[in-house]
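Below: one structure, written as C-alpha cells.
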Amino acid sequence: MAQDQPVATTFAASITRDAAAALAGVDAELARRYPGDPGTRQPVHTVYVPGDAVDEGTPRSWGDQALELLDAHAPDAQAFAAVLGLPDALAEPVHRRVRAKLAHQPVEDLRIDFEDGYGPRPDDEEDAAAARAARTVAAICRDAAPGAAPVHLGIRMKCLEAAVRDRGIRTLDVFLTGLAEAGGLPGQLVLTLPKVTYPEQVSAMVRLLEEFEGAHALPSGRLGFEIQIETTQSVLGPDGTATVARMIDAAAGRCTSLHYGTFDYSAACGVGAAHQALDHPVADHAKAVMQVAAAGTGVRLSDGSTNVLPVGTTARVHDAWRLHHDLVRRSLARAYYQGWDMHPGHLPTRYAAVYAFYREGMEQAAARLAAYAARTAGDVMDEPATARALSGHLLRGLDCGALDSAEVAKLTGMTRADLDALAGRPAAC
C-alpha cells in the first residue's frame, strides 16, 4: 500500500467522542481506586516491641543481639549457609551483607505495640508509655546516624471494638500530640489499626486522623495507617463480599498496607494452636483475598510472624532459623515482600532469606530487563508489565542492601534512575 493512500475507517469521529464521554466516570474511578504502587521503599519486615520495653536504643540493641546469636551459633559464612541450605555461591555474599545490615540498620520498620504485646494496663501507666513512645520516635528520627534509622516507625494502638475503644483512641491521641509537641510528625510515621472487623471502624479511624490534622493545621491526608487483617469478618463479610476490599475503600486513600495476623486469624478459624502458622491453608486463603483486593490500589501487603523463637541450644536455634528462613522465602515467592519479626534472633534469617532471594534472581532479571530495553529477543518475550516487575525486583534488592548499584548497572546497563522510570517510581526514592 502506498504511504500516501488514506486508510479506510468506518467509525465516525462522534463515536469516539461518545465513547470517551460515556467512560469518563469509569476513567476517573479507575484512577481514584487503582493508582498503582506508590513507588516508595517498602521495608522487608516490621518489628513489634511492647510499649513498656522500647527506647531510643531498641533498634541497635536488636542488631547487637542478632549479631551475638550469629557469633554463637553460626560464626562464619559456611556455617550459616549450611544451617539454611544456601548454595555455596551465595554463602559469603549473603553472610557478609547480613552482618553489615545488622551492624548498620538492623530494624527497617519499628512498631511500638500497645495492643497484644502490651495488654491492659492502668490508664495513667498507658498514658505515660504512650507519651514516652512519642519521645522515643522523635529521638530515633533526630539522633540516628544517616541511613541507620528505621524506614518506618510508629505505634500499634488498641482496636476500635467497644471494650477497648476509648483506651485505643486516647493512646493514639497522646502519642500523636506528643510527637507534634516534640517537633512535628516524622515523614516515616506509620500507625497500625488492629482487629478490624467492619469498614465502619476504618471510617472511624479516618475521622480521628482528620480531626488531628485539622487541629494541628496539617495537610489533609498527612496521616495514613495500616489495617491488620486478623479476624474472619475482615476477609469475608456476612453478605459474602470480600470485606477487605470495602475496608480499603473506607480508608479514603489513607490505608498504606494490610498486615496479616497469623494467630488471631487462625484461632478465629478454629485452627489448633499446634497448627497455627503462616503456611496453613486458612492463612493462604486469607492472604490471597487480601492480595487481590489490594492489587493496583497502592496498598501494600505484609505477612505475619512465626512464634517459634531461636533460643536455647544451638540445635534449637538452628531448627528455628530454618523454619523462619523457609517461611520468609515462601512469602517472598508469593509476593509478600514484608513480614513480622518478633525476636532479635529472627533478624539474621529474615535478611538471609531476603538477600538470597534477590541475589539469586538478579542475573536473570537483569538479562531480561536489558533485552527488553534493547528490544532484543531472548528466550522470554517480556511485556511492559513484566518489565515493571523486573525493575521492581532489582529496586527492592537495592533498597534493602541485597544488591549494589554498581553490579546492577553492569548487568543491565541501566542507572538507578532508569530502573525507577521503568518501575514507575519517583526518581531517587
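Here's how to read the names in the C-alpha cells: chain A, B, ... by the order shown, residue numbers from 1 in each chain, ligand numbers from 1 in the order shown.
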
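Near Ala252 (chain A), within 10 Å and counting only C-alpha atoms, sit Arg32, Arg33, Val202, Ser203, Val206, Gly221 and Gly224 of chain A, not including residues fewer than 6 positions from it in the same chain.
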
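Close contacts of region 291-305 of chain A, defined as residues with an atom at most 7 Å away when counting only C-alpha atoms, with chain neighbours fewer than 5 positions off set aside, comprise A:Arg33, A:Tyr34, A:Pro35, A:Gly36, A:Asp37, A:Pro38, A:Val244, A:Ala245, A:Cys255, A:Thr256, A:Ser257, A:Leu258, A:His259, A:Tyr260, A:Gly261, A:Thr262, A:Leu278, A:Tyr336, A:Tyr337, A:Gln338, A:Gly339, A:Trp340, A:Asp341.
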
Filtered DSSP result for region 31-91 of chain A, state strand (DSSP E), as a ChimeraX atom specification: /A:45-50

8 Å contact set for Leu193 (chain A), only C-alpha atoms, chain neighbours under 2 positions out, as a ChimeraX atom specification: /A:156-159,191,195-196,225-228

Since we have the selection now, will you write its residues out, keeping C-alpha atoms, as a CSV table (one decimal), in the first residue's frame?
chain,number,residue,atom,x,y,z
A,156,ARG,CA,0.0,-0.1,67.1
A,157,MET,CA,-2.9,1.1,69.2
A,158,LYS,CA,-5.7,-0.9,70.7
A,159,CYS,CA,-8.5,-1.7,68.3
A,191,LEU,CA,0.1,3.8,62.6
A,195,LYS,CA,-8.5,-6.4,64.8
A,196,VAL,CA,-10.7,-4.6,62.2
A,225,PHE,CA,-2.5,3.8,58.7
A,226,GLU,CA,-2.1,0.1,58.3
A,227,ILE,CA,-5.1,-2.3,58.7
A,228,GLN,CA,-4.4,-5.6,60.4

Filtered DSSP result for region 101-156 of chain A, state alpha helix (DSSP H), as an MDAnalysis selection string: chainID A and resid 101:104 123:143

Go through region 116-207 of chain A and flag each residue having an atom no more than 12 Å from region 98-101 of chain A; for those, report the closest pair of atoms plus their distance in Å to one decimal, using only C-alpha atoms, ordered by chain and rising number, as JSON lines.
{"residue": "A:Gly147", "atom": "CA", "partner": "A:Lys101", "partner_atom": "CA", "distance": 10.7}
{"residue": "A:Ala148", "atom": "CA", "partner": "A:Lys101", "partner_atom": "CA", "distance": 9.3}
{"residue": "A:Ala149", "atom": "CA", "partner": "A:Lys101", "partner_atom": "CA", "distance": 11.9}
{"residue": "A:Pro150", "atom": "CA", "partner": "A:Lys101", "partner_atom": "CA", "distance": 11.8}

Could you give me, as an mmCIF file with all heavy atoms, in the first residue's frame, the residues within 9 Å of Arg388 (chain A), counting only C-alpha atoms and dropping anything in the same chain fewer than 4 positions from it?
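Output file part-v3.cif follows:
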data_model
loop_
_atom_site.group_PDB
_atom_site.id
_atom_site.type_symbol
_atom_site.label_atom_id
_atom_site.label_comp_id
_atom_site.auth_asym_id
_atom_site.auth_seq_id
_atom_site.Cartn_x
_atom_site.Cartn_y
_atom_site.Cartn_z
ATOM 1 N N GLU A 383 6.647 -8.214 28.425
ATOM 2 C CA GLU A 383 5.757 -7.094 28.151
ATOM 3 C C GLU A 383 6.059 -5.972 29.137
ATOM 4 O O GLU A 383 6.789 -6.173 30.128
ATOM 5 C CB GLU A 383 4.308 -7.553 28.260
ATOM 6 C CG GLU A 383 3.941 -8.622 27.240
ATOM 7 C CD GLU A 383 2.462 -8.970 27.281
ATOM 8 O OE1 GLU A 383 1.749 -8.427 28.152
ATOM 9 O OE2 GLU A 383 2.037 -9.781 26.455
ATOM 10 N N PRO A 384 5.489 -4.784 28.926
ATOM 11 C CA PRO A 384 5.768 -3.670 29.837
ATOM 12 C C PRO A 384 5.467 -3.978 31.301
ATOM 13 O O PRO A 384 6.229 -3.566 32.191
ATOM 14 C CB PRO A 384 4.864 -2.561 29.302
ATOM 15 C CG PRO A 384 4.751 -2.857 27.839
ATOM 16 C CD PRO A 384 4.722 -4.355 27.736
ATOM 17 N N GLY A 392 11.269 -3.649 39.415
ATOM 18 C CA GLY A 392 10.864 -3.617 40.819
ATOM 19 C C GLY A 392 11.644 -4.618 41.657
ATOM 20 O O GLY A 392 12.011 -4.336 42.804
ATOM 21 N N HIS A 393 11.892 -5.795 41.092
ATOM 22 C CA HIS A 393 12.682 -6.812 41.797
ATOM 23 C C HIS A 393 14.078 -6.276 42.116
ATOM 24 O O HIS A 393 14.565 -6.396 43.248
ATOM 25 C CB HIS A 393 12.783 -8.073 40.934
ATOM 26 C CG HIS A 393 13.614 -9.164 41.529
ATOM 27 N ND1 HIS A 393 13.078 -10.166 42.307
ATOM 28 C CD2 HIS A 393 14.957 -9.414 41.471
ATOM 29 C CE1 HIS A 393 14.047 -10.979 42.699
ATOM 30 N NE2 HIS A 393 15.191 -10.542 42.202
ATOM 31 N N LEU A 419 15.977 2.462 36.243
ATOM 32 C CA LEU A 419 15.145 1.449 36.875
ATOM 33 C C LEU A 419 13.906 2.078 37.513
ATOM 34 O O LEU A 419 12.790 1.531 37.422
ATOM 35 C CB LEU A 419 15.942 0.687 37.930
ATOM 36 C CG LEU A 419 17.113 -0.159 37.425
ATOM 37 C CD1 LEU A 419 17.881 -0.740 38.607
ATOM 38 C CD2 LEU A 419 16.640 -1.263 36.505
ATOM 39 N N ALA A 421 12.380 4.729 36.549
ATOM 40 C CA ALA A 421 11.462 5.117 35.466
ATOM 41 C C ALA A 421 10.704 3.905 34.948
ATOM 42 O O ALA A 421 9.469 3.970 34.745
ATOM 43 C CB ALA A 421 12.235 5.781 34.343
ATOM 44 N N LEU A 422 11.386 2.780 34.760
ATOM 45 C CA LEU A 422 10.705 1.579 34.273
ATOM 46 C C LEU A 422 9.689 1.048 35.271
ATOM 47 O O LEU A 422 8.628 0.542 34.890
ATOM 48 C CB LEU A 422 11.735 0.487 33.980
ATOM 49 C CG LEU A 422 12.363 0.465 32.587
ATOM 50 C CD1 LEU A 422 13.443 -0.596 32.526
ATOM 51 C CD2 LEU A 422 11.303 0.193 31.515
ATOM 52 N N ALA A 423 10.012 1.181 36.567
ATOM 53 C CA ALA A 423 9.118 0.682 37.606
ATOM 54 C C ALA A 423 8.014 1.654 37.935
ATOM 55 O O ALA A 423 7.120 1.336 38.729
ATOM 56 C CB ALA A 423 9.923 0.371 38.867
ATOM 57 N N GLY A 424 8.059 2.866 37.369
ATOM 58 C CA GLY A 424 7.057 3.871 37.668
ATOM 59 C C GLY A 424 7.264 4.539 39.005
ATOM 60 O O GLY A 424 6.333 5.089 39.604
#

Given only C-alpha atoms as the counted atoms, nearest of A:His280, A:His275, A:Arg322, A:Arg334 to Ala352 (chain A): A:Arg322

Neighbour list for Cys269 (chain A) as number ranges by chain, cut-off 9 Å, only C-alpha atoms, skip fewer than 4 positions in-chain: A: 231-232, 264-265, 282

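Shortest atom-to-atom contact with Gly51 (chain A) among A:Leu69, A:Ile112, A:Ala180, A:Ala139: A:Ile112, counting only C-alpha atoms.
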
Spatial neighbours of Ala409 (chain A), 12 Å, only C-alpha atoms, chain gap at least 5 places, as a PyMOL selection string: chain A and resi 362-363+366-367+369-370+391+394-395+398+403-404+414-419

Output N, CA and C atoms for every residue in that selection, as a tab-separated table (two decimals), in the first residue's frame.
chain	number	residue	atom	x	y	z
A	362	MET	N	18.94	-12.04	40.54
A	362	MET	CA	19.48	-10.80	39.97
A	362	MET	C	19.89	-10.97	38.51
A	363	GLU	N	20.68	-11.97	38.19
A	363	GLU	CA	21.22	-12.07	36.83
A	363	GLU	C	20.12	-12.31	35.80
A	366	ALA	N	18.09	-9.10	35.45
A	366	ALA	CA	18.88	-8.07	34.75
A	366	ALA	C	18.96	-8.38	33.26
A	367	ALA	N	19.19	-9.64	32.91
A	367	ALA	CA	19.31	-10.01	31.50
A	367	ALA	C	18.00	-9.77	30.76
A	369	LEU	N	15.67	-7.68	31.59
A	369	LEU	CA	15.41	-6.25	31.54
A	369	LEU	C	16.28	-5.58	30.48
A	370	ALA	N	17.52	-5.99	30.38
A	370	ALA	CA	18.41	-5.43	29.36
A	370	ALA	C	17.90	-5.77	27.96
A	391	SER	N	12.18	-4.63	37.00
A	391	SER	CA	12.88	-3.48	37.60
A	391	SER	C	12.52	-3.35	39.07
A	394	LEU	N	14.72	-5.68	41.12
A	394	LEU	CA	16.06	-5.15	41.34
A	394	LEU	C	16.05	-3.98	42.31
A	395	LEU	N	15.05	-3.13	42.22
A	395	LEU	CA	14.97	-1.98	43.12
A	395	LEU	C	14.75	-2.42	44.57
A	398	LEU	N	18.03	-3.50	45.83
A	398	LEU	CA	18.89	-2.36	46.11
A	398	LEU	C	18.47	-1.67	47.41
A	403	LEU	N	21.56	-6.02	46.96
A	403	LEU	CA	22.29	-5.75	45.72
A	403	LEU	C	23.01	-4.40	45.81
A	404	ASP	N	24.02	-4.24	44.99
A	404	ASP	CA	24.73	-2.97	44.87
A	404	ASP	C	24.42	-2.31	43.55
A	414	MET	N	21.89	-0.03	33.05
A	414	MET	CA	20.94	1.00	33.47
A	414	MET	C	21.37	1.62	34.78
A	415	THR	N	21.03	2.88	34.94
A	415	THR	CA	21.24	3.57	36.21
A	415	THR	C	20.05	3.33	37.13
A	416	ARG	N	20.22	3.75	38.37
A	416	ARG	CA	19.09	3.69	39.31
A	416	ARG	C	17.90	4.49	38.77
A	417	ALA	N	18.17	5.64	38.17
A	417	ALA	CA	17.09	6.47	37.62
A	417	ALA	C	16.36	5.73	36.50
A	418	ASP	N	17.11	4.97	35.70
A	418	ASP	CA	16.47	4.20	34.62
A	418	ASP	C	15.52	3.15	35.20
A	419	LEU	N	15.98	2.46	36.24
A	419	LEU	CA	15.14	1.45	36.88
A	419	LEU	C	13.91	2.08	37.51

Best match for closeness to Glu125 (chain A) among A:Val107, A:Pro194, A:Gly312, A:Arg167, counting only C-alpha atoms: A:Arg167

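For the set A:Glu213, A:Ala356, A:Phe114, A:Ile169, the residue with the smallest atom-to-atom gap to Gly184 (chain A) is A:Glu213, counting only C-alpha atoms.
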
Return as CSV the residues of region 325-394 of chain A lying at most 10 Å from region 75-87 of chain A, together with the closest atom-to-atom pair for each and the distance in Å to one decimal, counting only C-alpha atoms, with rows in chain order and ascending residue number.
residue,atom,partner,partner_atom,distance
A:His325,CA,A:Leu84,CA,7.0
A:Asp326,CA,A:Leu84,CA,8.3
A:Pro348,CA,A:Phe80,CA,9.5
A:Thr349,CA,A:Leu84,CA,8.3
A:Ala352,CA,A:Leu84,CA,8.6
A:Ala353,CA,A:Leu84,CA,8.8
A:Ala356,CA,A:Leu86,CA,7.8
A:Glu360,CA,A:Pro87,CA,9.7

Export, as a compact mmCIF listing (two decimals), in the first residue's frame, the selected residues with N, CA and C atoms.
# COMPACT_ATOMS: atom_id res chain seq x y z
N HIS A 325 13.50 -19.00 58.03
CA HIS A 325 14.06 -18.76 56.70
C HIS A 325 13.14 -19.30 55.62
N ASP A 326 12.66 -20.52 55.79
CA ASP A 326 11.80 -21.14 54.76
C ASP A 326 10.46 -20.42 54.65
N PRO A 348 18.65 -12.35 61.59
CA PRO A 348 19.60 -12.98 60.67
C PRO A 348 18.92 -13.76 59.55
N THR A 349 17.89 -14.51 59.89
CA THR A 349 17.23 -15.32 58.85
C THR A 349 16.29 -14.49 57.98
N ALA A 352 18.84 -13.01 55.60
CA ALA A 352 19.45 -14.07 54.78
C ALA A 352 18.47 -14.52 53.69
N ALA A 353 17.21 -14.72 54.06
CA ALA A 353 16.22 -15.16 53.08
C ALA A 353 15.98 -14.07 52.03
N ALA A 356 19.24 -13.67 49.77
CA ALA A 356 19.40 -14.79 48.85
C ALA A 356 18.35 -14.73 47.74
N GLU A 360 19.86 -14.37 43.98
CA GLU A 360 19.76 -15.49 43.05
C GLU A 360 18.89 -15.15 41.84

Residue with smallest distance to Asp124 (chain A) - pool A:Ala387, A:Ala138, A:Val174, A:Leu411, counting only C-alpha atoms: A:Val174

Distance query Ile140 (chain A) at most 8 Å, only C-alpha atoms, self and fewer than 3 positions along chain excluded, as an NGL selection string: :A and (56 or 136-137 or 143-144 or 149)

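Between Tyr358 (chain A) and the candidates A:Val44, A:Ile229, A:Ala31, A:Leu67, the tightest atom-to-atom separation, counting only C-alpha atoms, involves A:Val44.
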